[in-house]
Amino acid sequence: MKKIYPDAKAALDGLTFDGMTVMSGGFGLCGIAENLIAALRDSGAKNLTVISNNAGVDDFGLGLLLQTRQIKKMISSYVGENKEFERQYLSGELELEFNPQGTLAERCRAGGAGIPGFYTKTGVGTVIAEGKEHKEFNGETYIMETGLISDLSIVKAWKADEQGNLIFRKTARNFNPMMASAGKFTVAEVEEIVPLGSMDPDCIHTPGIYVQRIIKGEHEKRIEQRTIRERESA
Amino acid sequence: MKKIYPDAKAALDGLTFDGMTVMSGGFGLCGIAENLIAALRDSGAKNLTVISNNAGVDDFGLGLLLQTRQIKKMISSYVGENKEFERQYLSGELELEFNPQGTLAERCRAGGAGIPGFYTKTGVGTVIAEGKEHKEFNGETYIMETGLISDLSIVKAWKADEQGNLIFRKTARNFNPMMASAGKFTVAEVEEIVPLGSMDPDCIHTPGIYVQRIIKGEHEKRIEQRTIRERESA
Amino acid sequence: MPWDRNDMARRAAQELEDGFYVNLGIGIPTLVANYIGDDIDVTLQSENGMLGMGPFPYDDEVDPDLINAGKQTITELRRTSYFSSADSFAMIRGGHIDLSVLGAMEVSENGDLANWMIPGKMVKGMGGAMDLVAGVKRVVVVMDHASKSGAPKLLHECSLPLTGRAVVDMVITNLGVFTIKAGKGMTLIEIAPDVSIDEINASTQATFEVAV
Amino acid sequence: MPWDRNDMARRAAQELEDGFYVNLGIGIPTLVANYIGDDIDVTLQSENGMLGMGPFPYDDEVDPDLINAGKQTITELRRTSYFSSADSFAMIRGGHIDLSVLGAMEVSENGDLANWMIPGKMVKGMGGAMDLVAGVKRVVVVMDHASKSGAPKLLHECSLPLTGRAVVDMVITNLGVFTIKAGKGMTLIEIAPDVSIDEINASTQATFEVAV
């Protein structure tokens, strides 16, 4: 059972189809599966439902799949950085379902954990609650949200071993672990493939059971908001 | 805001009261808060509801609180190792609520995560499902389980820093992280208090936000089933 | 003289207490970090998955794997821990964050908040705002008292789609500070220097008590 | 000659496939690990919070922080990862474990399983058994064909409180191997050496087809 594939194209071979649901890890452009997004574009799969916290920028990240109009619907919490997204959405070419960020994160976690529904206070009394089941617990009102699973999850990690164990780095972890767990099939791209046994087993973020294929990728890691401070002069 | 306390007695000072609900981490005798359990016994708090996967053995772990009859009710998944438990239960002195182990773990996780209810397939069609709400998702039947929180959670970790960041070791992690998150007040005992900044921030299992007090404890770490294999002779 | 952005941030910082875990929103709330007193120990959360957020990096410290919820590059501290966004919002939803400071478009006298959507304009999304106002123990809003056109932003009822109902505990504007308590409505408790109550009345639609 | 414990474990091991993630219960199921073929790569899960469970330790390797779900001391492997019990049962409940091998007191012809409770006797608890049978993709039961007193354990309906309904996919007893398919009932597919169908019929209450 070999999990390591030579490149992104090979890693998606046989896994893509029109109308599929894809989860794509990352927050903004931080921790996105750059190589697999490009390979998903090149696969030509159309009418995709993409679950991702954001929608990339015009020429990077999921913006690549918007350019080619492969996305039919996005499930996201914030899509403000993308003009092409705005154009397609306002023209009715693109469906959009907004989820509060924590609800989206929990829906992915629930899907991977076999939990088809859960209750949350988030969104009660707002448009998010419309049409959803309401229930009282200890005198407070909650709404039911459902678990999400994907046909394919594409995630980005820092390191993997041949068993698919993953370690993420700093805030590039974000949505990647839950999306890895919620994919019927999960492909991970990493910066480094390390020898089996070289990871601290107490410090593996995503156990290999959630990862079916792995590639080592090349990463631009584009920064959206480069904010710095000046050094005080000596 | 000093979180480090000199000993278990000081760490529980002001936190215990009759009729309180206590979560106690550990699986069997592995990863239990030995020092805090003893201090909870010495506090004399009575009529406790204790949420713990197991109930210790006769003379160790939660067995100490059974000896002194401080426990009114246990919420557990398996209590087979304890004769005093059996005696008190069969004589009607002790209430017992069985939860499937995964349901118990998830109920603690949900409580800490602000999720008052969730659906699971576990236990459908069994006594566990009796009286619980049933709901269909995609043609399958699930039951609703509720989140659990405690007045006090006592957990055992391997290392802590002064901010309360915790790292667990091997399978001694078990129920400790969820119970830490589900306590209105959480006290952790550890084997070592390490300097701030010496933990890998990517490898902190329980962030300090969940831990209000910390002690360094002494740990017997009793083994329940010492199973070994023989070395092949040379 | 009404308060400026930094004054408002400084006033919001007074709501922070020793040992607090705090989430700061984008804009003026971000400035609050500059005014946290040396005498208290406060830990900042970034909802993408970090506790113990440090200041912006020096130029040679910039790390694309280390950003805050506003997608700005930041730094870590000795106390920092990283976790997934699910774990981060478990922390928020579970009521473990003591205080959140957020911007707003409108606040109603019973504490309803609108800060994510203007119908007819392109909708960018609510991000983590709905989770924060529903989960965090105490919500402080920092905003200009009136819109650029002079329209009141403290209203009887919000006209914009809500982020949350009865979730705001305090509003700090350039003119003053208001508390909001469940069932008791809004109370003006502080006024910016040289601002009159008449001035505040003139640019406020919400009903409020005065207790300065 | 009926199969012994090791024969049954060896037969159960044949159900394991390359790449499988497997949870083995206490008792005979634990022995299955001894018969996993060298030609396949299988990862064992321990539901207290470990993937990649190794063999029992040598005497000088015993670690009280490293136990399996039966509370036995074990070892780790190069592939091992540790996680919380919540994460462990997320894995189980979410359908990520390919196969579970469990013991049983009773199995019904539609796959109901009873293995945790005998009314009137002290109840020890179900531990993780209900989670495993509800969540794992395929459940194989290994048990003696009849009780010590000779009473059948393969029944029309279980008499004991259930662990799960319609959850068992295969039963391996000392007399033979049965598959159970939803809506199609139970089928005998293998018989232990020198055991006759009459012998099996005599100690089986459940209705089953024969396809050996």
# chains A, B, ... in the order shown; residues from 1 in each chain; ligands from 1
call {"tool": "residues_around", "arguments": {"residues": "range 136-145 of chain A", "least_positions_apart": "5", "cutoff": "12 Å", "atoms": "only C-alpha atoms", "output": "NGL selection string"}}
result
(:A and (99-100 or 102-111 or 115-131)) or (:B and (114-119 or 135 or 137 or 144-147)) or (:C and (93 or 134-135 or 165))
call {"tool": "interface_residues", "arguments": {"of": "chain C", "to": "chain A", "cutoff": "7 Å", "atoms": "only C-alpha atoms", "output": "PyMOL selection string"}}
result
chain C and resi 48-50+56-59+64-67+71-73+82-86+89+122+124-128+130-131+134+161-165
call {"tool": "calpha_fit_and_write", "arguments": {"fixed": "chain D", "moving": "chain C", "output": "PDB file with C-alpha atoms, in the first residue's frame"}}
result
ATOM      1  CA  MET C   1     -11.875 -31.617  14.496  1.00  0.00           C
ATOM      2  CA  PRO C   2     -13.231 -28.208  15.532  1.00  0.00           C
ATOM      3  CA  TRP C   3     -10.914 -25.228  15.415  1.00  0.00           C
ATOM      4  CA  ASP C   4      -9.105 -24.069  18.530  1.00  0.00           C
ATOM      5  CA  ARG C   5      -8.532 -20.474  19.580  1.00  0.00           C
ATOM      6  CA  ASN C   6      -5.464 -20.110  17.387  1.00  0.00           C
ATOM      7  CA  ASP C   7      -7.195 -21.636  14.373  1.00  0.00           C
ATOM      8  CA  MET C   8     -10.038 -19.191  14.765  1.00  0.00           C
ATOM      9  CA  ALA C   9      -7.627 -16.278  15.080  1.00  0.00           C
ATOM     10  CA  ARG C  10      -5.742 -17.494  11.991  1.00  0.00           C
ATOM     11  CA  ARG C  11      -8.995 -17.672  10.041  1.00  0.00           C
ATOM     12  CA  ALA C  12      -9.981 -14.160  11.170  1.00  0.00           C
ATOM     13  CA  ALA C  13      -6.574 -12.874  10.037  1.00  0.00           C
ATOM     14  CA  GLN C  14      -7.487 -13.905   6.480  1.00  0.00           C
ATOM     15  CA  GLU C  15     -10.096 -11.129   6.484  1.00  0.00           C
ATOM     16  CA  LEU C  16      -7.357  -8.503   6.763  1.00  0.00           C
ATOM     17  CA  GLU C  17      -6.235  -6.793   3.564  1.00  0.00           C
ATOM     18  CA  ASP C  18      -3.230  -4.722   2.610  1.00  0.00           C
ATOM     19  CA  GLY C  19      -3.543  -1.179   3.926  1.00  0.00           C
ATOM     20  CA  PHE C  20      -6.275  -2.013   6.440  1.00  0.00           C
ATOM     21  CA  TYR C  21      -6.688  -0.195   9.724  1.00  0.00           C
ATOM     22  CA  VAL C  22      -7.923  -2.751  12.221  1.00  0.00           C
ATOM     23  CA  ASN C  23      -9.229  -2.798  15.781  1.00  0.00           C
ATOM     24  CA  LEU C  24      -8.883  -6.063  17.683  1.00  0.00           C
ATOM     25  CA  GLY C  25     -10.953  -6.781  20.773  1.00  0.00           C
ATOM     26  CA  ILE C  26      -9.881  -8.555  23.938  1.00  0.00           C
ATOM     27  CA  GLY C  27      -9.403 -12.365  24.112  1.00  0.00           C
ATOM     28  CA  ILE C  28      -9.225 -14.455  20.919  1.00  0.00           C
ATOM     29  CA  PRO C  29      -9.334 -11.317  18.734  1.00  0.00           C
ATOM     30  CA  THR C  30      -6.024 -10.213  20.286  1.00  0.00           C
ATOM     31  CA  LEU C  31      -4.447 -13.388  18.905  1.00  0.00           C
ATOM     32  CA  VAL C  32      -5.292 -12.319  15.363  1.00  0.00           C
ATOM     33  CA  ALA C  33      -2.227 -10.048  15.430  1.00  0.00           C
ATOM     34  CA  ASN C  34      -0.034 -13.157  15.504  1.00  0.00           C
ATOM     35  CA  TYR C  35      -1.333 -14.319  12.113  1.00  0.00           C
ATOM     36  CA  ILE C  36      -1.151 -11.192   9.984  1.00  0.00           C
ATOM     37  CA  GLY C  37       0.659 -12.117   6.786  1.00  0.00           C
ATOM     38  CA  ASP C  38       4.059 -10.653   5.972  1.00  0.00           C
ATOM     39  CA  ASP C  39       2.743  -9.743   2.528  1.00  0.00           C
ATOM     40  CA  ILE C  40       0.263  -7.168   3.799  1.00  0.00           C
ATOM     41  CA  ASP C  41       0.681  -3.898   5.667  1.00  0.00           C
ATOM     42  CA  VAL C  42      -1.876  -3.601   8.468  1.00  0.00           C
ATOM     43  CA  THR C  43      -2.116  -0.930  11.152  1.00  0.00           C
ATOM     44  CA  LEU C  44      -3.702  -1.796  14.494  1.00  0.00           C
ATOM     45  CA  GLN C  45      -5.741   0.778  16.381  1.00  0.00           C
ATOM     46  CA  SER C  46      -6.176   0.854  20.128  1.00  0.00           C
ATOM     47  CA  GLU C  47      -9.288   2.815  20.967  1.00  0.00           C
ATOM     48  CA  ASN C  48      -7.878   4.529  24.041  1.00  0.00           C
ATOM     49  CA  GLY C  49      -5.857   6.635  21.597  1.00  0.00           C
ATOM     50  CA  MET C  50      -3.219   4.992  19.432  1.00  0.00           C
ATOM     51  CA  LEU C  51      -2.688   3.972  15.842  1.00  0.00           C
ATOM     52  CA  GLY C  52       0.144   1.567  15.081  1.00  0.00           C
ATOM     53  CA  MET C  53       0.067  -0.725  18.099  1.00  0.00           C
ATOM     54  CA  GLY C  54       3.117  -2.934  18.504  1.00  0.00           C
ATOM     55  CA  PRO C  55       3.595  -6.239  20.365  1.00  0.00           C
ATOM     56  CA  PHE C  56       3.838  -6.705  24.120  1.00  0.00           C
ATOM     57  CA  PRO C  57       7.043  -5.184  25.517  1.00  0.00           C
ATOM     58  CA  TYR C  58      10.106  -7.012  26.726  1.00  0.00           C
ATOM     59  CA  ASP C  59      10.375  -6.897  30.477  1.00  0.00           C
ATOM     60  CA  ASP C  60      12.683  -3.871  30.445  1.00  0.00           C
ATOM     61  CA  GLU C  61      10.522  -1.954  27.974  1.00  0.00           C
ATOM     62  CA  VAL C  62       7.336  -1.829  30.056  1.00  0.00           C
ATOM     63  CA  ASP C  63       5.910   1.710  30.136  1.00  0.00           C
ATOM     64  CA  PRO C  64       2.882   2.541  32.313  1.00  0.00           C
ATOM     65  CA  ASP C  65       1.972   5.347  29.884  1.00  0.00           C
ATOM     66  CA  LEU C  66       1.667   2.873  27.034  1.00  0.00           C
ATOM     67  CA  ILE C  67      -1.290   0.490  27.274  1.00  0.00           C
ATOM     68  CA  ASN C  68      -3.951  -0.866  24.962  1.00  0.00           C
ATOM     69  CA  ALA C  69      -7.715  -0.820  25.421  1.00  0.00           C
ATOM     70  CA  GLY C  70      -7.456  -3.995  27.498  1.00  0.00           C
ATOM     71  CA  LYS C  71      -5.115  -2.077  29.843  1.00  0.00           C
ATOM     72  CA  GLN C  72      -2.224  -4.355  28.820  1.00  0.00           C
ATOM     73  CA  THR C  73       1.252  -2.938  28.419  1.00  0.00           C
ATOM     74  CA  ILE C  74       2.246  -2.715  24.754  1.00  0.00           C
ATOM     75  CA  THR C  75       4.867  -1.070  22.516  1.00  0.00           C
ATOM     76  CA  GLU C  76       4.937   1.491  19.751  1.00  0.00           C
ATOM     77  CA  LEU C  77       6.152   1.161  16.166  1.00  0.00           C
ATOM     78  CA  ARG C  78       7.853   3.561  13.793  1.00  0.00           C
ATOM     79  CA  ARG C  79       4.445   4.447  12.345  1.00  0.00           C
ATOM     80  CA  THR C  80       2.742   5.047  15.693  1.00  0.00           C
ATOM     81  CA  SER C  81       0.681   8.129  16.474  1.00  0.00           C
ATOM     82  CA  TYR C  82      -1.070   8.965  19.738  1.00  0.00           C
ATOM     83  CA  PHE C  83      -4.229  11.029  20.126  1.00  0.00           C
ATOM     84  CA  SER C  84      -7.031  11.676  22.586  1.00  0.00           C
ATOM     85  CA  SER C  85      -9.907   9.261  23.110  1.00  0.00           C
ATOM     86  CA  ALA C  86     -12.203  11.814  21.452  1.00  0.00           C
ATOM     87  CA  ASP C  87     -10.023  11.784  18.352  1.00  0.00           C
ATOM     88  CA  SER C  88      -9.810   7.998  18.552  1.00  0.00           C
ATOM     89  CA  PHE C  89     -13.558   7.515  18.546  1.00  0.00           C
ATOM     90  CA  ALA C  90     -13.963  10.199  15.891  1.00  0.00           C
ATOM     91  CA  MET C  91     -11.886   7.826  13.781  1.00  0.00           C
ATOM     92  CA  ILE C  92     -14.080   4.875  14.755  1.00  0.00           C
ATOM     93  CA  ARG C  93     -17.457   6.632  14.524  1.00  0.00           C
ATOM     94  CA  GLY C  94     -16.474   8.312  11.285  1.00  0.00           C
ATOM     95  CA  GLY C  95     -16.036   4.975   9.536  1.00  0.00           C
ATOM     96  CA  HIS C  96     -12.280   5.171   9.049  1.00  0.00           C
ATOM     97  CA  ILE C  97     -11.453   1.796  10.633  1.00  0.00           C
ATOM     98  CA  ASP C  98     -11.732  -0.958   8.034  1.00  0.00           C
ATOM     99  CA  LEU C  99     -12.306  -3.949  10.262  1.00  0.00           C
ATOM    100  CA  SER C 100     -12.972  -4.851  13.862  1.00  0.00           C
ATOM    101  CA  VAL C 101     -12.629  -8.349  15.314  1.00  0.00           C
ATOM    102  CA  LEU C 102     -14.667  -8.840  18.486  1.00  0.00           C
ATOM    103  CA  GLY C 103     -15.815 -11.539  20.849  1.00  0.00           C
ATOM    104  CA  ALA C 104     -19.513 -12.166  21.482  1.00  0.00           C
ATOM    105  CA  MET C 105     -22.006 -13.836  23.779  1.00  0.00           C
ATOM    106  CA  GLU C 106     -24.763 -14.036  21.150  1.00  0.00           C
ATOM    107  CA  VAL C 107     -25.236 -13.178  17.483  1.00  0.00           C
ATOM    108  CA  SER C 108     -28.613 -13.213  15.725  1.00  0.00           C
ATOM    109  CA  GLU C 109     -29.234 -14.287  12.156  1.00  0.00           C
ATOM    110  CA  ASN C 110     -29.681 -10.661  11.063  1.00  0.00           C
ATOM    111  CA  GLY C 111     -26.391  -9.614  12.637  1.00  0.00           C
ATOM    112  CA  ASP C 112     -27.495  -8.308  16.022  1.00  0.00           C
ATOM    113  CA  LEU C 113     -24.697  -8.583  18.549  1.00  0.00           C
ATOM    114  CA  ALA C 114     -24.820  -9.051  22.321  1.00  0.00           C
ATOM    115  CA  ASN C 115     -21.467  -8.942  24.072  1.00  0.00           C
ATOM    116  CA  TRP C 116     -21.543  -6.580  27.017  1.00  0.00           C
ATOM    117  CA  MET C 117     -24.156  -7.456  29.620  1.00  0.00           C
ATOM    118  CA  ILE C 118     -25.827 -10.365  31.339  1.00  0.00           C
ATOM    119  CA  PRO C 119     -28.836  -9.156  33.355  1.00  0.00           C
ATOM    120  CA  GLY C 120     -28.667 -10.180  36.972  1.00  0.00           C
ATOM    121  CA  LYS C 121     -24.898 -10.343  36.925  1.00  0.00           C
ATOM    122  CA  MET C 122     -22.737  -7.367  37.792  1.00  0.00           C
ATOM    123  CA  VAL C 123     -22.547  -5.080  34.791  1.00  0.00           C
ATOM    124  CA  LYS C 124     -19.032  -3.965  33.975  1.00  0.00           C
ATOM    125  CA  GLY C 125     -19.929  -1.660  31.103  1.00  0.00           C
ATOM    126  CA  MET C 126     -19.764  -1.638  27.330  1.00  0.00           C
ATOM    127  CA  GLY C 127     -16.475   0.218  27.044  1.00  0.00           C
ATOM    128  CA  GLY C 128     -15.912   0.959  23.361  1.00  0.00           C
ATOM    129  CA  ALA C 129     -17.839  -2.014  21.961  1.00  0.00           C
ATOM    130  CA  MET C 130     -20.991  -0.101  20.971  1.00  0.00           C
ATOM    131  CA  ASP C 131     -18.928   2.562  19.238  1.00  0.00           C
ATOM    132  CA  LEU C 132     -16.904  -0.026  17.356  1.00  0.00           C
ATOM    133  CA  VAL C 133     -19.851  -2.008  16.016  1.00  0.00           C
ATOM    134  CA  ALA C 134     -21.700   1.170  15.033  1.00  0.00           C
ATOM    135  CA  GLY C 135     -18.736   2.821  13.340  1.00  0.00           C
ATOM    136  CA  VAL C 136     -16.318   0.295  11.902  1.00  0.00           C
ATOM    137  CA  LYS C 137     -16.851  -0.639   8.256  1.00  0.00           C
ATOM    138  CA  ARG C 138     -16.815  -4.413   8.793  1.00  0.00           C
ATOM    139  CA  VAL C 139     -17.344  -6.378  12.016  1.00  0.00           C
ATOM    140  CA  VAL C 140     -16.055  -9.931  12.398  1.00  0.00           C
ATOM    141  CA  VAL C 141     -17.090 -11.896  15.478  1.00  0.00           C
ATOM    142  CA  VAL C 142     -14.918 -14.712  16.792  1.00  0.00           C
ATOM    143  CA  MET C 143     -16.544 -16.931  19.419  1.00  0.00           C
ATOM    144  CA  ASP C 144     -17.226 -20.504  20.472  1.00  0.00           C
ATOM    145  CA  HIS C 145     -20.160 -21.915  18.562  1.00  0.00           C
ATOM    146  CA  ALA C 146     -22.060 -22.858  21.717  1.00  0.00           C
ATOM    147  CA  SER C 147     -21.899 -21.888  25.380  1.00  0.00           C
ATOM    148  CA  LYS C 148     -20.105 -24.054  27.909  1.00  0.00           C
ATOM    149  CA  SER C 149     -23.429 -25.669  28.732  1.00  0.00           C
ATOM    150  CA  GLY C 150     -23.995 -26.411  25.043  1.00  0.00           C
ATOM    151  CA  ALA C 151     -26.625 -23.725  24.423  1.00  0.00           C
ATOM    152  CA  PRO C 152     -26.538 -22.152  20.952  1.00  0.00           C
ATOM    153  CA  LYS C 153     -25.064 -18.676  20.605  1.00  0.00           C
ATOM    154  CA  LEU C 154     -26.160 -18.156  16.989  1.00  0.00           C
ATOM    155  CA  LEU C 155     -29.835 -17.332  17.509  1.00  0.00           C
ATOM    156  CA  HIS C 156     -32.976 -16.172  15.723  1.00  0.00           C
ATOM    157  CA  GLU C 157     -32.931 -13.243  18.079  1.00  0.00           C
ATOM    158  CA  CYS C 158     -30.511 -12.353  20.838  1.00  0.00           C
ATOM    159  CA  SER C 159     -31.844 -12.868  24.345  1.00  0.00           C
ATOM    160  CA  LEU C 160     -29.257 -10.598  25.978  1.00  0.00           C
ATOM    161  CA  PRO C 161     -29.200  -6.794  25.789  1.00  0.00           C
ATOM    162  CA  LEU C 162     -27.741  -5.726  22.477  1.00  0.00           C
ATOM    163  CA  THR C 163     -24.454  -4.056  21.696  1.00  0.00           C
ATOM    164  CA  GLY C 164     -25.731  -3.167  18.246  1.00  0.00           C
ATOM    165  CA  ARG C 165     -28.420  -4.092  15.710  1.00  0.00           C
ATOM    166  CA  ALA C 166     -27.548  -5.638  12.338  1.00  0.00           C
ATOM    167  CA  VAL C 167     -23.877  -4.861  12.794  1.00  0.00           C
ATOM    168  CA  VAL C 168     -22.101  -8.235  12.386  1.00  0.00           C
ATOM    169  CA  ASP C 169     -20.761  -9.090   8.920  1.00  0.00           C
ATOM    170  CA  MET C 170     -19.051 -12.404   9.694  1.00  0.00           C
ATOM    171  CA  VAL C 171     -18.965 -14.932  12.512  1.00  0.00           C
ATOM    172  CA  ILE C 172     -16.052 -17.315  12.953  1.00  0.00           C
ATOM    173  CA  THR C 173     -16.725 -20.101  15.457  1.00  0.00           C
ATOM    174  CA  ASN C 174     -14.861 -23.256  16.327  1.00  0.00           C
ATOM    175  CA  LEU C 175     -17.168 -25.103  13.906  1.00  0.00           C
ATOM    176  CA  GLY C 176     -17.254 -22.853  10.863  1.00  0.00           C
ATOM    177  CA  VAL C 177     -17.539 -19.446   9.230  1.00  0.00           C
ATOM    178  CA  PHE C 178     -20.793 -17.582   8.573  1.00  0.00           C
ATOM    179  CA  THR C 179     -21.444 -14.401   6.645  1.00  0.00           C
ATOM    180  CA  ILE C 180     -24.373 -12.132   7.421  1.00  0.00           C
ATOM    181  CA  LYS C 181     -25.768  -9.776   4.811  1.00  0.00           C
ATOM    182  CA  ALA C 182     -28.472  -7.161   5.296  1.00  0.00           C
ATOM    183  CA  GLY C 183     -31.826  -8.584   4.208  1.00  0.00           C
ATOM    184  CA  LYS C 184     -30.265 -11.901   3.158  1.00  0.00           C
ATOM    185  CA  GLY C 185     -29.540 -13.402   6.550  1.00  0.00           C
ATOM    186  CA  MET C 186     -26.813 -15.824   7.529  1.00  0.00           C
ATOM    187  CA  THR C 187     -24.822 -18.151   5.288  1.00  0.00           C
ATOM    188  CA  LEU C 188     -22.427 -20.903   6.310  1.00  0.00           C
ATOM    189  CA  ILE C 189     -19.436 -20.592   3.983  1.00  0.00           C
ATOM    190  CA  GLU C 190     -16.786 -22.757   5.629  1.00  0.00           C
ATOM    191  CA  ILE C 191     -16.769 -25.743   7.951  1.00  0.00           C
ATOM    192  CA  ALA C 192     -13.944 -26.729  10.285  1.00  0.00           C
ATOM    193  CA  PRO C 193     -12.179 -30.003   9.378  1.00  0.00           C
ATOM    194  CA  ASP C 194     -14.147 -33.166  10.172  1.00  0.00           C
ATOM    195  CA  VAL C 195     -17.145 -31.195  11.419  1.00  0.00           C
ATOM    196  CA  SER C 196     -20.482 -32.145   9.865  1.00  0.00           C
ATOM    197  CA  ILE C 197     -23.370 -29.889   8.950  1.00  0.00           C
ATOM    198  CA  ASP C 198     -25.516 -31.995  11.247  1.00  0.00           C
ATOM    199  CA  GLU C 199     -23.196 -31.142  14.099  1.00  0.00           C
ATOM    200  CA  ILE C 200     -23.498 -27.439  13.258  1.00  0.00           C
ATOM    201  CA  ASN C 201     -27.277 -27.690  12.880  1.00  0.00           C
ATOM    202  CA  ALA C 202     -27.514 -29.334  16.270  1.00  0.00           C
ATOM    203  CA  SER C 203     -25.842 -26.461  18.066  1.00  0.00           C
ATOM    204  CA  THR C 204     -27.282 -23.581  16.045  1.00  0.00           C
ATOM    205  CA  GLN C 205     -30.655 -21.931  16.572  1.00  0.00           C
ATOM    206  CA  ALA C 206     -30.266 -19.305  13.844  1.00  0.00           C
ATOM    207  CA  THR C 207     -31.568 -20.050  10.366  1.00  0.00           C
ATOM    208  CA  PHE C 208     -28.771 -20.128   7.827  1.00  0.00           C
ATOM    209  CA  GLU C 209     -28.121 -21.021   4.221  1.00  0.00           C
ATOM    210  CA  VAL C 210     -25.284 -23.344   3.344  1.00  0.00           C
ATOM    211  CA  ALA C 211     -22.774 -22.394   0.661  1.00  0.00           C
ATOM    212  CA  VAL C 212     -19.625 -24.289   1.418  1.00  0.00           C
TER     213      VAL C 212
END
call {"tool": "select_by_dssp", "arguments": {"residues": "chain C", "states": "helix (DSSP H, G or I)", "output": "number ranges by chain"}}
result
C: 5-13, 28-35, 59-61, 85-93, 129-135, 197-202
call {"tool": "closest_residue", "arguments": {"among": "B:Val155, B:Val187, B:Leu62, B:Ala113", "to": "chain A", "atoms": "only C-alpha atoms"}}
result
B:Ala113
call {"tool": "residues_around", "arguments": {"residues": "Met23 in chain B", "least_positions_apart": "2", "cutoff": "10 Å", "atoms": "only C-alpha atoms", "output": "list in words"}}
result
Thr21, Gly25, Gly26, Thr49, Val50, Ile51, Ser52, Asn53, Met74, Ile75, Cys108, Leu148, Ile149, Ser150, Asp151, Leu152, Ser153, Ile154, Val155, Phe175, Asn176, Met178, Met179, Ala180, Ala182, Gly183 and Thr186 of chain B
call {"tool": "atom_distance", "arguments": {"atom1": "CA of Asp161 in chain A", "atom2": "CA of Val194 in chain A"}}
result
5.1 Å
